[in-house]
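Printed here is final.pdb (PDB, C-alpha atoms):
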```
ATOM      1  CA  MET A 809      -9.274  32.003 -28.980
ATOM      2  CA  PRO A 810     -10.173  29.073 -26.672
ATOM      3  CA  GLN A 811      -7.302  26.899 -25.446
ATOM      4  CA  PRO A 812      -7.142  23.266 -26.623
ATOM      5  CA  ARG A 813      -8.584  20.826 -24.066
ATOM      6  CA  THR A 814      -5.228  19.099 -23.466
ATOM      7  CA  HIS A 815      -3.582  22.449 -22.799
ATOM      8  CA  ARG A 816      -6.340  23.476 -20.372
ATOM      9  CA  ARG A 817      -6.071  20.142 -18.575
ATOM     10  CA  ARG A 818      -2.287  20.509 -18.244
ATOM     11  CA  HIS A 819      -2.723  24.084 -17.065
ATOM     12  CA  SER A 820      -5.238  22.957 -14.411
ATOM     13  CA  ARG A 821      -2.913  20.233 -13.158
ATOM     14  CA  CYS A 822      -0.105  22.762 -12.783
ATOM     15  CA  TRP A 823      -2.359  24.973 -10.664
ATOM     16  CA  LEU A 824      -3.417  21.993  -8.527
ATOM     17  CA  ILE A 825       0.180  20.997  -7.872
ATOM     18  CA  ALA A 826       1.127  24.601  -7.150
ATOM     19  CA  GLY A 827      -1.806  24.989  -4.745
ATOM     20  CA  SER A 828      -0.937  21.736  -3.004
ATOM     21  CA  TRP A 829       2.693  22.804  -2.675
ATOM     22  CA  LEU A 830       1.605  26.203  -1.304
ATOM     23  CA  LEU A 831      -0.557  24.427   1.283
ATOM     24  CA  ILE A 832       2.394  22.302   2.374
ATOM     25  CA  THR A 833       4.973  25.067   2.492
ATOM     26  CA  SER A 834       2.657  27.457   4.339
ATOM     27  CA  HIS A 835       2.278  24.901   7.142
ATOM     28  CA  GLY A 836       5.863  23.667   7.073
ATOM     29  CA  CYS A 837       7.196  20.255   6.053
ATOM     30  CA  ALA A 838      10.499  18.409   6.197
ATOM     31  CA  TYR A 839      12.377  16.028   3.932
ATOM     32  CA  ALA A 840      14.749  13.317   5.139
ATOM     33  CA  PRO A 841      17.193  11.965   2.545
ATOM     34  CA  LEU A 842      18.506   8.433   2.731
ATOM     35  CA  ARG A 843      21.533   8.089   4.974
ATOM     36  CA  ALA A 844      24.888   7.895   3.211
ATOM     37  CA  SER A 845      25.538   4.309   4.313
ATOM     38  CA  VAL A 846      22.735   1.779   4.636
ATOM     39  CA  ALA A 847      23.429  -1.857   5.401
ATOM     40  CA  SER A 848      21.968  -4.454   3.072
ATOM     41  CA  PRO A 849      19.183  -6.458   4.703
ATOM     42  CA  PRO A 850      19.891 -10.045   5.778
ATOM     43  CA  PRO A 851      18.335 -12.942   3.866
ATOM     44  CA  LEU A 852      14.752 -13.754   4.727
ATOM     45  CA  PRO A 853      14.682 -16.669   7.212
ATOM     46  CA  SER A 854      13.359 -19.910   5.756
ATOM     47  CA  ALA A 855      10.593 -20.126   8.378
ATOM     48  CA  ILE A 856       9.192 -16.727   7.337
ATOM     49  CA  HIS A 857       9.489 -17.619   3.658
ATOM     50  CA  ALA A 858       7.580 -20.864   4.242
ATOM     51  CA  TYR A 859       4.824 -19.106   6.209
ATOM     52  CA  TYR A 860       3.910 -16.973   3.163
ATOM     53  CA  ASP A 861       4.607 -19.557   0.463
ATOM     54  CA  TYR A 862       1.900 -21.044  -1.771
ATOM     55  CA  PRO A 863       1.749 -23.362  -4.806
ATOM     56  CA  THR A 864       3.029 -21.840  -8.033
ATOM     57  CA  HIS A 865       0.180 -21.320 -10.453
ATOM     58  CA  THR A 866      -1.027 -19.106 -13.281
ATOM     59  CA  PRO A 867      -4.352 -17.558 -12.253
ATOM     60  CA  SER A 868      -7.253 -18.081 -14.648
ATOM     61  CA  ALA A 869      -8.987 -14.751 -14.297
ATOM     62  CA  MET A 870     -12.341 -13.246 -15.196
ATOM     63  CA  ILE A 871     -11.626  -9.851 -16.806
ATOM     64  CA  GLN A 872     -14.349  -7.273 -17.454
ATOM     65  CA  LEU A 873     -13.863  -3.912 -19.184
ATOM     66  CA  ILE A 874     -15.453  -1.175 -17.052
ATOM     67  CA  ARG A 875     -14.097   2.087 -18.496
ATOM     68  CA  GLU A 876     -12.110   3.287 -21.481
ATOM     69  CA  GLU A 877     -10.146   6.495 -22.065
ATOM     70  CA  SER A 878      -7.771   7.523 -24.811
ATOM     71  CA  THR A 879      -4.755   6.897 -22.560
ATOM     72  CA  HIS A 880      -5.810   3.714 -20.783
ATOM     73  CA  ARG A 881      -8.505   1.094 -20.195
ATOM     74  CA  GLU A 882      -9.886  -0.002 -16.843
ATOM     75  CA  TYR A 883     -10.854  -3.574 -16.055
ATOM     76  CA  PHE A 884     -12.282  -5.471 -13.100
ATOM     77  CA  VAL A 885     -10.384  -8.710 -12.483
ATOM     78  CA  GLN A 886     -11.262 -11.730 -10.326
ATOM     79  CA  PHE A 887      -9.656 -15.103  -9.686
ATOM     80  CA  PRO A 888      -9.609 -17.646  -6.821
ATOM     81  CA  LEU A 889      -7.180 -17.162  -3.937
ATOM     82  CA  ILE A 890      -4.768 -20.064  -3.519
ATOM     83  CA  ALA A 891      -3.803 -20.899   0.070
ATOM     84  CA  THR A 892      -1.774 -23.708   1.592
ATOM     85  CA  ASP A 893      -2.664 -24.533   5.187
ATOM     86  CA  PHE A 894      -5.859 -22.555   5.820
ATOM     87  CA  GLN A 895      -9.319 -22.081   4.369
ATOM     88  CA  PRO A 896      -9.578 -18.518   2.984
ATOM     89  CA  THR A 897     -12.317 -16.357   4.479
ATOM     90  CA  GLU A 898     -12.059 -14.169   1.361
ATOM     91  CA  PRO A 899     -11.595 -16.838  -1.342
ATOM     92  CA  VAL A 900     -11.733 -14.511  -4.363
ATOM     93  CA  VAL A 901      -9.013 -12.020  -5.328
ATOM     94  CA  GLU A 902     -10.498  -8.820  -6.774
ATOM     95  CA  PHE A 903      -8.746  -5.797  -8.224
ATOM     96  CA  GLU A 904      -9.081  -3.006 -10.755
ATOM     97  CA  TRP A 905      -6.566  -3.047 -13.595
ATOM     98  CA  PHE A 906      -5.580   0.240 -15.256
ATOM     99  CA  GLU A 907      -3.811  -0.597 -18.522
ATOM    100  CA  SER A 908      -2.094   1.897 -20.803
ATOM    101  CA  THR A 909      -3.240   1.893 -24.413
ATOM    102  CA  THR A 910       0.319   2.557 -25.604
ATOM    103  CA  PRO A 911       1.757  -0.567 -27.307
ATOM    104  CA  GLY A 912       4.567  -2.557 -25.721
ATOM    105  CA  ARG A 913       5.562  -3.689 -22.258
ATOM    106  CA  HIS A 914       5.189  -1.175 -19.450
ATOM    107  CA  PRO A 915       6.330  -0.879 -15.843
ATOM    108  CA  ALA A 916       3.610  -1.877 -13.394
ATOM    109  CA  ILE A 917       2.489  -0.715  -9.936
ATOM    110  CA  LEU A 918       0.587  -2.788  -7.399
ATOM    111  CA  PHE A 919      -1.574  -0.351  -5.398
ATOM    112  CA  ASN A 920      -2.508  -1.314  -1.814
ATOM    113  CA  PRO A 921      -5.346   0.984  -0.657
ATOM    114  CA  ILE A 922      -6.904   1.859   2.675
ATOM    115  CA  LEU A 923      -9.229  -0.628   4.362
ATOM    116  CA  GLY A 924     -12.604  -1.093   2.675
ATOM    117  CA  GLY A 925     -14.498   1.633   0.836
ATOM    118  CA  ASP A 926     -14.940   2.374  -2.844
ATOM    119  CA  TYR A 927     -11.424   3.827  -3.296
ATOM    120  CA  PRO A 928     -12.280   7.055  -5.167
ATOM    121  CA  LEU A 929      -9.028   8.785  -4.166
ATOM    122  CA  GLU A 930      -6.940   5.715  -4.918
ATOM    123  CA  GLN A 931      -8.610   5.350  -8.316
ATOM    124  CA  GLY A 932      -7.602   8.922  -9.089
ATOM    125  CA  ILE A 933      -3.959   8.148  -8.290
ATOM    126  CA  CYS A 934      -4.101   4.969 -10.388
ATOM    127  CA  ARG A 935      -5.504   6.870 -13.369
ATOM    128  CA  HIS A 936      -2.783   9.490 -12.956
ATOM    129  CA  LEU A 937      -0.108   6.780 -13.111
ATOM    130  CA  ALA A 938      -1.816   4.991 -16.035
ATOM    131  CA  ARG A 939      -1.974   8.227 -18.047
ATOM    132  CA  HIS A 940       1.798   8.453 -17.625
ATOM    133  CA  GLY A 941       2.523   4.983 -18.982
ATOM    134  CA  PHE A 942       2.229   2.685 -15.958
ATOM    135  CA  GLN A 943       0.038  -0.380 -15.640
ATOM    136  CA  VAL A 944      -1.626  -0.358 -12.214
ATOM    137  CA  ALA A 945      -3.453  -2.992 -10.152
ATOM    138  CA  LEU A 946      -5.680  -1.532  -7.409
ATOM    139  CA  VAL A 947      -6.126  -4.464  -5.032
ATOM    140  CA  HIS A 948      -9.440  -4.612  -3.215
ATOM    141  CA  ARG A 949      -9.117  -5.404   0.473
ATOM    142  CA  LYS A 950     -11.591  -5.954   3.257
ATOM    143  CA  THR A 951     -11.522  -4.760   6.838
ATOM    144  CA  LEU A 952      -9.451  -5.835   9.831
ATOM    145  CA  LYS A 953     -12.471  -5.585  12.111
ATOM    146  CA  VAL A 954     -13.123  -8.837  13.943
ATOM    147  CA  SER A 955     -16.542  -9.514  15.426
ATOM    148  CA  PRO A 956     -16.600 -10.122  19.198
ATOM    149  CA  ASP A 957     -17.492 -13.790  18.700
ATOM    150  CA  GLN A 958     -14.205 -14.465  16.877
ATOM    151  CA  PRO A 959     -10.798 -15.019  18.501
ATOM    152  CA  VAL A 960      -8.032 -12.427  18.217
ATOM    153  CA  SER A 961      -6.154 -14.928  16.038
ATOM    154  CA  ALA A 962      -8.663 -14.134  13.261
ATOM    155  CA  ILE A 963      -6.805 -10.844  12.723
ATOM    156  CA  GLU A 964      -3.617 -12.729  11.883
ATOM    157  CA  LEU A 965      -5.541 -14.867   9.409
ATOM    158  CA  LEU A 966      -6.857 -11.741   7.657
ATOM    159  CA  LEU A 967      -3.386 -10.178   7.542
ATOM    160  CA  ARG A 968      -1.684 -13.301   6.200
ATOM    161  CA  GLN A 969      -4.484 -13.848   3.709
ATOM    162  CA  GLY A 970      -3.976 -10.273   2.488
ATOM    163  CA  ILE A 971      -0.297 -10.965   1.749
ATOM    164  CA  PHE A 972      -1.249 -14.088  -0.235
ATOM    165  CA  ARG A 973      -3.701 -11.916  -2.197
ATOM    166  CA  ILE A 974      -1.025  -9.324  -3.010
ATOM    167  CA  ARG A 975       1.568 -11.881  -4.094
ATOM    168  CA  GLN A 976      -0.909 -13.617  -6.393
ATOM    169  CA  VAL A 977      -1.783 -10.295  -8.033
ATOM    170  CA  VAL A 978       1.970  -9.921  -8.644
ATOM    171  CA  ASP A 979       1.880 -13.369 -10.301
ATOM    172  CA  TRP A 980      -0.929 -12.161 -12.571
ATOM    173  CA  MET A 981       0.827  -8.892 -13.432
ATOM    174  CA  ALA A 982       4.140 -10.592 -14.200
ATOM    175  CA  ALA A 983       2.409 -12.929 -16.678
ATOM    176  CA  ARG A 984       0.613 -10.078 -18.468
ATOM    177  CA  GLU A 985       1.964  -9.452 -21.981
ATOM    178  CA  THR A 986       1.717  -5.677 -21.527
ATOM    179  CA  VAL A 987       3.850  -5.720 -18.341
ATOM    180  CA  ASP A 988       7.620  -5.732 -18.067
ATOM    181  CA  PRO A 989       8.082  -8.074 -15.066
ATOM    182  CA  THR A 990      11.534  -6.633 -14.332
ATOM    183  CA  ARG A 991      10.005  -3.188 -13.658
ATOM    184  CA  MET A 992       7.326  -3.560 -10.999
ATOM    185  CA  GLY A 993       6.767  -1.658  -7.754
ATOM    186  CA  SER A 994       4.119  -0.920  -5.134
ATOM    187  CA  PHE A 995       2.194   2.063  -3.774
ATOM    188  CA  GLY A 996       0.546   1.686  -0.346
ATOM    189  CA  VAL A 997      -1.642   4.024   1.702
ATOM    190  CA  SER A 998      -2.487   3.587   5.404
ATOM    191  CA  MET A 999      -3.170  -0.135   5.972
ATOM    192  CA  GLY A1000      -2.109  -0.568   2.362
ATOM    193  CA  GLY A1001       1.208   1.075   3.235
ATOM    194  CA  ILE A1002       1.671  -1.426   6.060
ATOM    195  CA  ALA A1003       0.950  -4.224   3.587
ATOM    196  CA  SER A1004       3.492  -2.751   1.150
ATOM    197  CA  VAL A1005       6.203  -2.794   3.835
ATOM    198  CA  ILE A1006       5.500  -6.460   4.588
ATOM    199  CA  THR A1007       5.414  -7.289   0.877
ATOM    200  CA  ALA A1008       8.711  -5.454   0.340
ATOM    201  CA  ALA A1009      10.404  -8.055   2.547
ATOM    202  CA  LEU A1010       8.711 -11.024   0.887
ATOM    203  CA  GLU A1011       8.351 -10.142  -2.802
ATOM    204  CA  PRO A1012      11.641  -9.415  -4.653
ATOM    205  CA  ARG A1013       9.787  -8.912  -7.949
ATOM    206  CA  LEU A1014       8.552  -5.545  -6.621
ATOM    207  CA  ARG A1015      11.630  -3.357  -6.972
ATOM    208  CA  CYS A1016      10.498  -0.153  -5.239
ATOM    209  CA  HIS A1017       7.797   0.995  -2.820
ATOM    210  CA  PHE A1018       6.046   4.323  -2.201
ATOM    211  CA  ILE A1019       4.546   4.096   1.302
ATOM    212  CA  ALA A1020       2.171   6.715   2.701
ATOM    213  CA  LEU A1021       0.671   6.984   6.207
ATOM    214  CA  ALA A1022       1.950   3.620   7.461
ATOM    215  CA  GLY A1023       3.164   2.641  10.926
ATOM    216  CA  GLY A1024       3.916  -0.227  13.242
ATOM    217  CA  SER A1025       3.399  -2.342  15.124
ATOM    218  CA  ILE A1026      -0.150  -3.452  14.339
ATOM    219  CA  PRO A1027      -0.947  -4.211  18.016
ATOM    220  CA  ASP A1028       0.277  -0.717  18.943
ATOM    221  CA  ILE A1029      -1.941   0.849  16.275
ATOM    222  CA  LEU A1030      -5.020  -1.178  17.168
ATOM    223  CA  MET A1031      -4.634  -0.500  20.906
ATOM    224  CA  SER A1032      -3.665   3.178  20.792
ATOM    225  CA  SER A1033      -5.573   4.648  17.839
ATOM    226  CA  ASN A1034      -8.035   7.442  18.590
ATOM    227  CA  ASP A1035      -9.814   6.922  15.262
ATOM    228  CA  ARG A1036     -13.392   5.837  15.984
ATOM    229  CA  LEU A1037     -13.190   3.314  13.138
ATOM    230  CA  LEU A1038     -10.685   1.417  15.283
ATOM    231  CA  ALA A1039     -11.604   2.600  18.776
ATOM    232  CA  LYS A1040     -15.284   1.601  18.659
ATOM    233  CA  PRO A1041     -14.694  -2.020  17.541
ATOM    234  CA  ARG A1042     -11.913  -2.282  20.142
ATOM    235  CA  ALA A1043     -14.259  -1.148  22.920
ATOM    236  CA  ARG A1044     -17.017  -3.463  21.714
ATOM    237  CA  TYR A1045     -14.633  -6.428  21.573
ATOM    238  CA  VAL A1046     -13.310  -6.063  25.136
ATOM    239  CA  ALA A1047     -16.789  -5.390  26.536
ATOM    240  CA  GLN A1048     -18.485  -8.406  24.936
ATOM    241  CA  ASN A1049     -15.583 -10.731  25.781
ATOM    242  CA  HIS A1050     -15.349  -9.467  29.391
ATOM    243  CA  MET A1051     -11.652  -8.674  29.107
ATOM    244  CA  ASP A1052      -9.602  -5.596  29.829
ATOM    245  CA  LEU A1053      -7.423  -3.700  27.348
ATOM    246  CA  ALA A1054      -4.246  -5.211  28.794
ATOM    247  CA  THR A1055      -5.520  -8.717  28.029
ATOM    248  CA  MET A1056      -6.451  -7.772  24.477
ATOM    249  CA  ASP A1057      -3.047  -6.177  23.982
ATOM    250  CA  ARG A1058      -1.298  -9.334  25.220
ATOM    251  CA  LEU A1059      -3.371 -11.558  22.925
ATOM    252  CA  LEU A1060      -2.667  -9.369  19.890
ATOM    253  CA  ARG A1061       1.072  -9.531  20.533
ATOM    254  CA  GLN A1062       0.902 -13.308  20.932
ATOM    255  CA  GLU A1063      -1.088 -13.913  17.754
ATOM    256  CA  ILE A1064       0.016 -11.336  15.162
ATOM    257  CA  ARG A1065       2.992 -12.459  13.111
ATOM    258  CA  THR A1066       2.214 -10.547   9.894
ATOM    259  CA  ASP A1067       3.522  -7.213  11.125
ATOM    260  CA  PRO A1068       5.712  -4.544   9.481
ATOM    261  CA  MET A1069       7.983  -4.303  12.528
ATOM    262  CA  ARG A1070       8.704  -8.032  12.334
ATOM    263  CA  LEU A1071       9.484  -7.877   8.602
ATOM    264  CA  ALA A1072      11.274  -4.476   8.613
ATOM    265  CA  PRO A1073      14.800  -5.920   9.128
ATOM    266  CA  TYR A1074      14.486  -7.728   5.785
ATOM    267  CA  VAL A1075      13.485  -4.653   3.735
ATOM    268  CA  ASP A1076      16.001  -2.743   1.599
ATOM    269  CA  ALA A1077      15.711   0.910   2.680
ATOM    270  CA  THR A1078      17.177   2.130  -0.622
ATOM    271  CA  ARG A1079      14.014   0.940  -2.416
ATOM    272  CA  LEU A1080      11.570   2.954  -0.273
ATOM    273  CA  PHE A1081      10.039   6.418  -0.117
ATOM    274  CA  MET A1082       7.768   7.228   2.847
ATOM    275  CA  VAL A1083       5.163   9.918   3.523
ATOM    276  CA  ILE A1084       4.626  10.528   7.249
ATOM    277  CA  ALA A1085       1.859  12.725   8.680
ATOM    278  CA  LEU A1086       3.053  14.297  11.927
ATOM    279  CA  GLY A1087      -0.516  14.972  13.086
ATOM    280  CA  ASP A1088      -1.692  11.408  12.435
ATOM    281  CA  ARG A1089      -4.070  10.216  15.191
ATOM    282  CA  THR A1090      -5.184   7.087  13.318
ATOM    283  CA  ILE A1091      -1.852   5.348  12.821
ATOM    284  CA  GLY A1092      -0.176   7.511  15.453
ATOM    285  CA  ARG A1093       2.879   9.695  14.867
ATOM    286  CA  SER A1094       4.998   7.610  17.250
ATOM    287  CA  ASN A1095       4.036   4.410  15.409
ATOM    288  CA  ALA A1096       4.843   5.984  12.031
ATOM    289  CA  LEU A1097       8.258   7.173  13.226
ATOM    290  CA  ARG A1098       8.951   3.811  14.890
ATOM    291  CA  LEU A1099       8.415   2.030  11.580
ATOM    292  CA  TRP A1100      10.526   4.579   9.671
ATOM    293  CA  ARG A1101      13.439   3.999  12.073
ATOM    294  CA  ALA A1102      13.022   0.207  11.965
ATOM    295  CA  LEU A1103      13.237   0.337   8.161
ATOM    296  CA  GLY A1104      16.616   2.091   8.364
ATOM    297  CA  ARG A1105      15.344   5.674   7.933
ATOM    298  CA  PRO A1106      14.571   5.564   4.192
ATOM    299  CA  LYS A1107      13.835   8.714   2.185
ATOM    300  CA  ALA A1108      10.775  10.395   3.645
ATOM    301  CA  ILE A1109       8.739  13.557   3.639
ATOM    302  CA  PHE A1110       7.075  14.699   6.867
ATOM    303  CA  LEU A1111       3.819  16.592   6.427
ATOM    304  CA  PRO A1112       2.127  18.753   9.108
ATOM    305  CA  PHE A1113      -1.277  17.127   8.653
ATOM    306  CA  GLY A1114      -3.412  14.340  10.060
ATOM    307  CA  HIS A1115      -4.208  10.944   8.606
ATOM    308  CA  TYR A1116      -7.186  12.211   6.595
ATOM    309  CA  THR A1117      -6.203  15.857   6.025
ATOM    310  CA  THR A1118      -3.062  14.645   4.233
ATOM    311  CA  TYR A1119      -5.406  13.946   1.301
ATOM    312  CA  LEU A1120      -5.573  17.727   0.842
ATOM    313  CA  THR A1121      -2.083  17.384  -0.620
ATOM    314  CA  LEU A1122      -3.175  14.764  -3.168
ATOM    315  CA  PRO A1123      -1.911  16.691  -6.225
ATOM    316  CA  TYR A1124       1.504  16.937  -4.572
ATOM    317  CA  LEU A1125       1.456  13.221  -3.667
ATOM    318  CA  ASN A1126       0.595  12.451  -7.298
ATOM    319  CA  TYR A1127       3.576  14.519  -8.371
ATOM    320  CA  ILE A1128       6.180  13.044  -6.007
ATOM    321  CA  SER A1129       4.999   9.442  -6.430
ATOM    322  CA  LEU A1130       5.128   9.744 -10.234
ATOM    323  CA  ARG A1131       8.630  11.213 -10.001
ATOM    324  CA  PHE A1132       9.705   8.358  -7.700
ATOM    325  CA  PHE A1133       8.372   5.653 -10.033
ATOM    326  CA  ASN A1134       9.771   7.369 -13.109
ATOM    327  CA  GLU A1135      13.218   7.402 -11.523
ATOM    328  CA  ARG A1136      13.019   3.799 -10.324
ATOM    329  CA  LEU A1137      11.088   2.031 -13.083
ATOM    330  CA  MET A1138      10.824   4.072 -16.270
ATOM    331  CA  ALA A1139      14.590   4.402 -16.684
ATOM    332  CA  ALA A1140      15.305   0.812 -15.653
ATOM    333  CA  SER A1141      16.507  -1.577 -18.314
ATOM    334  CA  PRO A1142      14.342  -4.593 -19.092
TER     335      PRO A1142
END
```

Structure re-expressed in structure tokens:
Amino acid sequence: MPQPRTHRRRHSRCWLIAGSWLLITSHGCAYAPLRASVASPPPLPSAIHAYYDYPTHTPSAMIQLIREESTHREYFVQFPLIATDFQPTEPVVEFEWFESTTPGRHPAILFNPILGGDYPLEQGICRHLARHGFQVALVHRKTLKVSPDQPVSAIELLLRQGIFRIRQVVDWMAARETVDPTRMGSFGVSMGGIASVITAALEPRLRCHFIALAGGSIPDILMSSNDRLLAKPRARYVAQNHMDLATMDRLLRQEIRTDPMRLAPYVDATRLFMVIALGDRTIGRSNALRLWRALGRPKAIFLPFGHYTTYLTLPYLNYISLRFFNERLMAASP
């Protein structure tokens, strides 16, 4: 007798998680629990708060249904970015909204993805969370690449602009009738993980953060990465501007203020869970560990893979992230 479709789907997911776990355990991994005593972070300085502040507003959004399943609906959402003292280079906020079809208010996750791309892996994670009762916003982001005819300061503008974008998506989520604004968190991968760390210091409405493949500082990553997606633009920039790497490094450190290492002291380590790839040559293992230590050594799992091969463990990451958000948001009282 053939198995019901839901049973077969659940059976397949179990095998995927088991296979992912077998892959991890066969190569060796480590888990670091949160230390017994963690100091509460100091208040955010007023100067930092002001740098990322913007006028309070309720975004008037264009919402388009793009996909519908029995468990959730998927929408594409757009609204204008509001900035204070600069002209946005990316003036429209865009994100995909995965909304549970179950009635009532739900916990919500703001998902910060990798740079650029079509986000197929991130969409899979968002659907996994939506099928388990979460509302999820997958924020579209652009690249950090700066053309050689632009100053290094343009990178800081892109980074700061990205934080404005994230916070205004939080505004939109918190106003949504299907969202419980007291139960919101974030999920960040790679550059999105870096953005989640920065947002964790600035945005108290996000109560917990699952951070994968992040590191700091940004100048260290940009100057040391062996990933051709970062190394080739770096080489092109120094060549066309007739500067050496030391000069570029100095300029980056002078200009970049929106950096996870700068904001790390103001992040509550008890609200974090980190995934660190020990073979990461894009972010760099030393940069990942440096950020983990700066954040107060929050709970973390250390995987024996690289930046991209960590995606082989996607079923396991789905499992542990869902467990983390269930513990932190599903059981929380409104």

Show which residues sit within 9 Å of range 921-934 of chain A, as a count of residues only. Count all atoms listed in the file, and ignore same-chain residues fewer than 2 positions away. 31

Using Å and a single decimal, report how far CA of Ser1025 in chain A sits from CA of Tyr859 in chain A. 19.0 Å

For Ser1004 in chain A: contacts at 12 Å, all atoms listed in the file, fewer than 3 positions along chain excluded, given as a PDB file with C-alpha atoms, in the frame of the given file:
```pdb
ATOM      1  CA  ILE A 917       2.489  -0.715  -9.936  1.00  0.00           C
ATOM      2  CA  LEU A 918       0.587  -2.788  -7.399  1.00  0.00           C
ATOM      3  CA  PHE A 919      -1.574  -0.351  -5.398  1.00  0.00           C
ATOM      4  CA  ASN A 920      -2.508  -1.314  -1.814  1.00  0.00           C
ATOM      5  CA  PRO A 921      -5.346   0.984  -0.657  1.00  0.00           C
ATOM      6  CA  ILE A 922      -6.904   1.859   2.675  1.00  0.00           C
ATOM      7  CA  VAL A 947      -6.126  -4.464  -5.032  1.00  0.00           C
ATOM      8  CA  LEU A 967      -3.386 -10.178   7.542  1.00  0.00           C
ATOM      9  CA  GLY A 970      -3.976 -10.273   2.488  1.00  0.00           C
ATOM     10  CA  ILE A 971      -0.297 -10.965   1.749  1.00  0.00           C
ATOM     11  CA  ILE A 974      -1.025  -9.324  -3.010  1.00  0.00           C
ATOM     12  CA  ARG A 975       1.568 -11.881  -4.094  1.00  0.00           C
ATOM     13  CA  GLY A 993       6.767  -1.658  -7.754  1.00  0.00           C
ATOM     14  CA  SER A 994       4.119  -0.920  -5.134  1.00  0.00           C
ATOM     15  CA  PHE A 995       2.194   2.063  -3.774  1.00  0.00           C
ATOM     16  CA  GLY A 996       0.546   1.686  -0.346  1.00  0.00           C
ATOM     17  CA  VAL A 997      -1.642   4.024   1.702  1.00  0.00           C
ATOM     18  CA  SER A 998      -2.487   3.587   5.404  1.00  0.00           C
ATOM     19  CA  MET A 999      -3.170  -0.135   5.972  1.00  0.00           C
ATOM     20  CA  GLY A1000      -2.109  -0.568   2.362  1.00  0.00           C
ATOM     21  CA  GLY A1001       1.208   1.075   3.235  1.00  0.00           C
ATOM     22  CA  THR A1007       5.414  -7.289   0.877  1.00  0.00           C
ATOM     23  CA  ALA A1008       8.711  -5.454   0.340  1.00  0.00           C
ATOM     24  CA  ALA A1009      10.404  -8.055   2.547  1.00  0.00           C
ATOM     25  CA  LEU A1010       8.711 -11.024   0.887  1.00  0.00           C
ATOM     26  CA  GLU A1011       8.351 -10.142  -2.802  1.00  0.00           C
ATOM     27  CA  LEU A1014       8.552  -5.545  -6.621  1.00  0.00           C
ATOM     28  CA  ARG A1015      11.630  -3.357  -6.972  1.00  0.00           C
ATOM     29  CA  CYS A1016      10.498  -0.153  -5.239  1.00  0.00           C
ATOM     30  CA  HIS A1017       7.797   0.995  -2.820  1.00  0.00           C
ATOM     31  CA  PHE A1018       6.046   4.323  -2.201  1.00  0.00           C
ATOM     32  CA  ILE A1019       4.546   4.096   1.302  1.00  0.00           C
ATOM     33  CA  ALA A1020       2.171   6.715   2.701  1.00  0.00           C
ATOM     34  CA  LEU A1021       0.671   6.984   6.207  1.00  0.00           C
ATOM     35  CA  ALA A1022       1.950   3.620   7.461  1.00  0.00           C
ATOM     36  CA  GLY A1023       3.164   2.641  10.926  1.00  0.00           C
ATOM     37  CA  THR A1066       2.214 -10.547   9.894  1.00  0.00           C
ATOM     38  CA  ASP A1067       3.522  -7.213  11.125  1.00  0.00           C
ATOM     39  CA  PRO A1068       5.712  -4.544   9.481  1.00  0.00           C
ATOM     40  CA  LEU A1071       9.484  -7.877   8.602  1.00  0.00           C
ATOM     41  CA  ALA A1072      11.274  -4.476   8.613  1.00  0.00           C
ATOM     42  CA  VAL A1075      13.485  -4.653   3.735  1.00  0.00           C
ATOM     43  CA  ARG A1079      14.014   0.940  -2.416  1.00  0.00           C
ATOM     44  CA  LEU A1080      11.570   2.954  -0.273  1.00  0.00           C
ATOM     45  CA  PHE A1081      10.039   6.418  -0.117  1.00  0.00           C
ATOM     46  CA  MET A1082       7.768   7.228   2.847  1.00  0.00           C
TER      47      MET A1082
END
```

For the PyMOL selection byres ((chain A and resi 1104) around 10), applied here, can you spell out every residue it catches as an MDAnalysis selection string? chainID A and resid 842:843 846:849 1072:1073 1075:1078 1099:1103 1105:1107

Hey, which of A:Asp1052, A:Glu898, A:Glu907, A:Asp988 ends up closest to Arg881 in chain A? Count only C-alpha atoms. A:Glu907

Once the PyMOL selection byres ((chain A and resi 900) around 8) has been evaluated on this model, what residues remain selected, and can you format them as a VMD selection string? chain A and resid 886 to 889 898 to 899 901 to 902

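Candidate residues A:Arg1070, A:His914, A:Arg875, A:His865 were compared for distance to Ala891 in chain A, and the nearest is A:His865, using all atoms listed in the file.
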
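Here CA of Asn1134 in chain A stands at a distance of 11.1 Å from CA of Ala916 in chain A.
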
How would you write, as a short mmCIF file (atom, residue, chain, number, x, y, z; two decimals) with C-alpha atoms, in the coordinates of the input, the residues chosen by the PyMOL selection byres ((chain A and resi 1109) around 7) on this structure?
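This is the output file out-v3.cif:
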```cif
data_model
loop_
_atom_site.label_atom_id
_atom_site.label_comp_id
_atom_site.auth_asym_id
_atom_site.auth_seq_id
_atom_site.Cartn_x
_atom_site.Cartn_y
_atom_site.Cartn_z
CA ALA A 838 10.50 18.41 6.20
CA TYR A 839 12.38 16.03 3.93
CA ALA A 840 14.75 13.32 5.14
CA MET A 1082 7.77 7.23 2.85
CA VAL A 1083 5.16 9.92 3.52
CA ILE A 1084 4.63 10.53 7.25
CA ALA A 1108 10.78 10.40 3.64
CA PHE A 1110 7.08 14.70 6.87
CA LEU A 1111 3.82 16.59 6.43
#
```

Box along x, y and z, 3 Å on every side, all listed atoms of range 1045-1053 of chain A inside: centre and edge lengths in Å to one decimal, as AutoDock Vina command-line options.
```
--center_x -13.0 --center_y -7.2 --center_z 25.7 --size_x 17.1 --size_y 13.0 --size_z 14.3
```
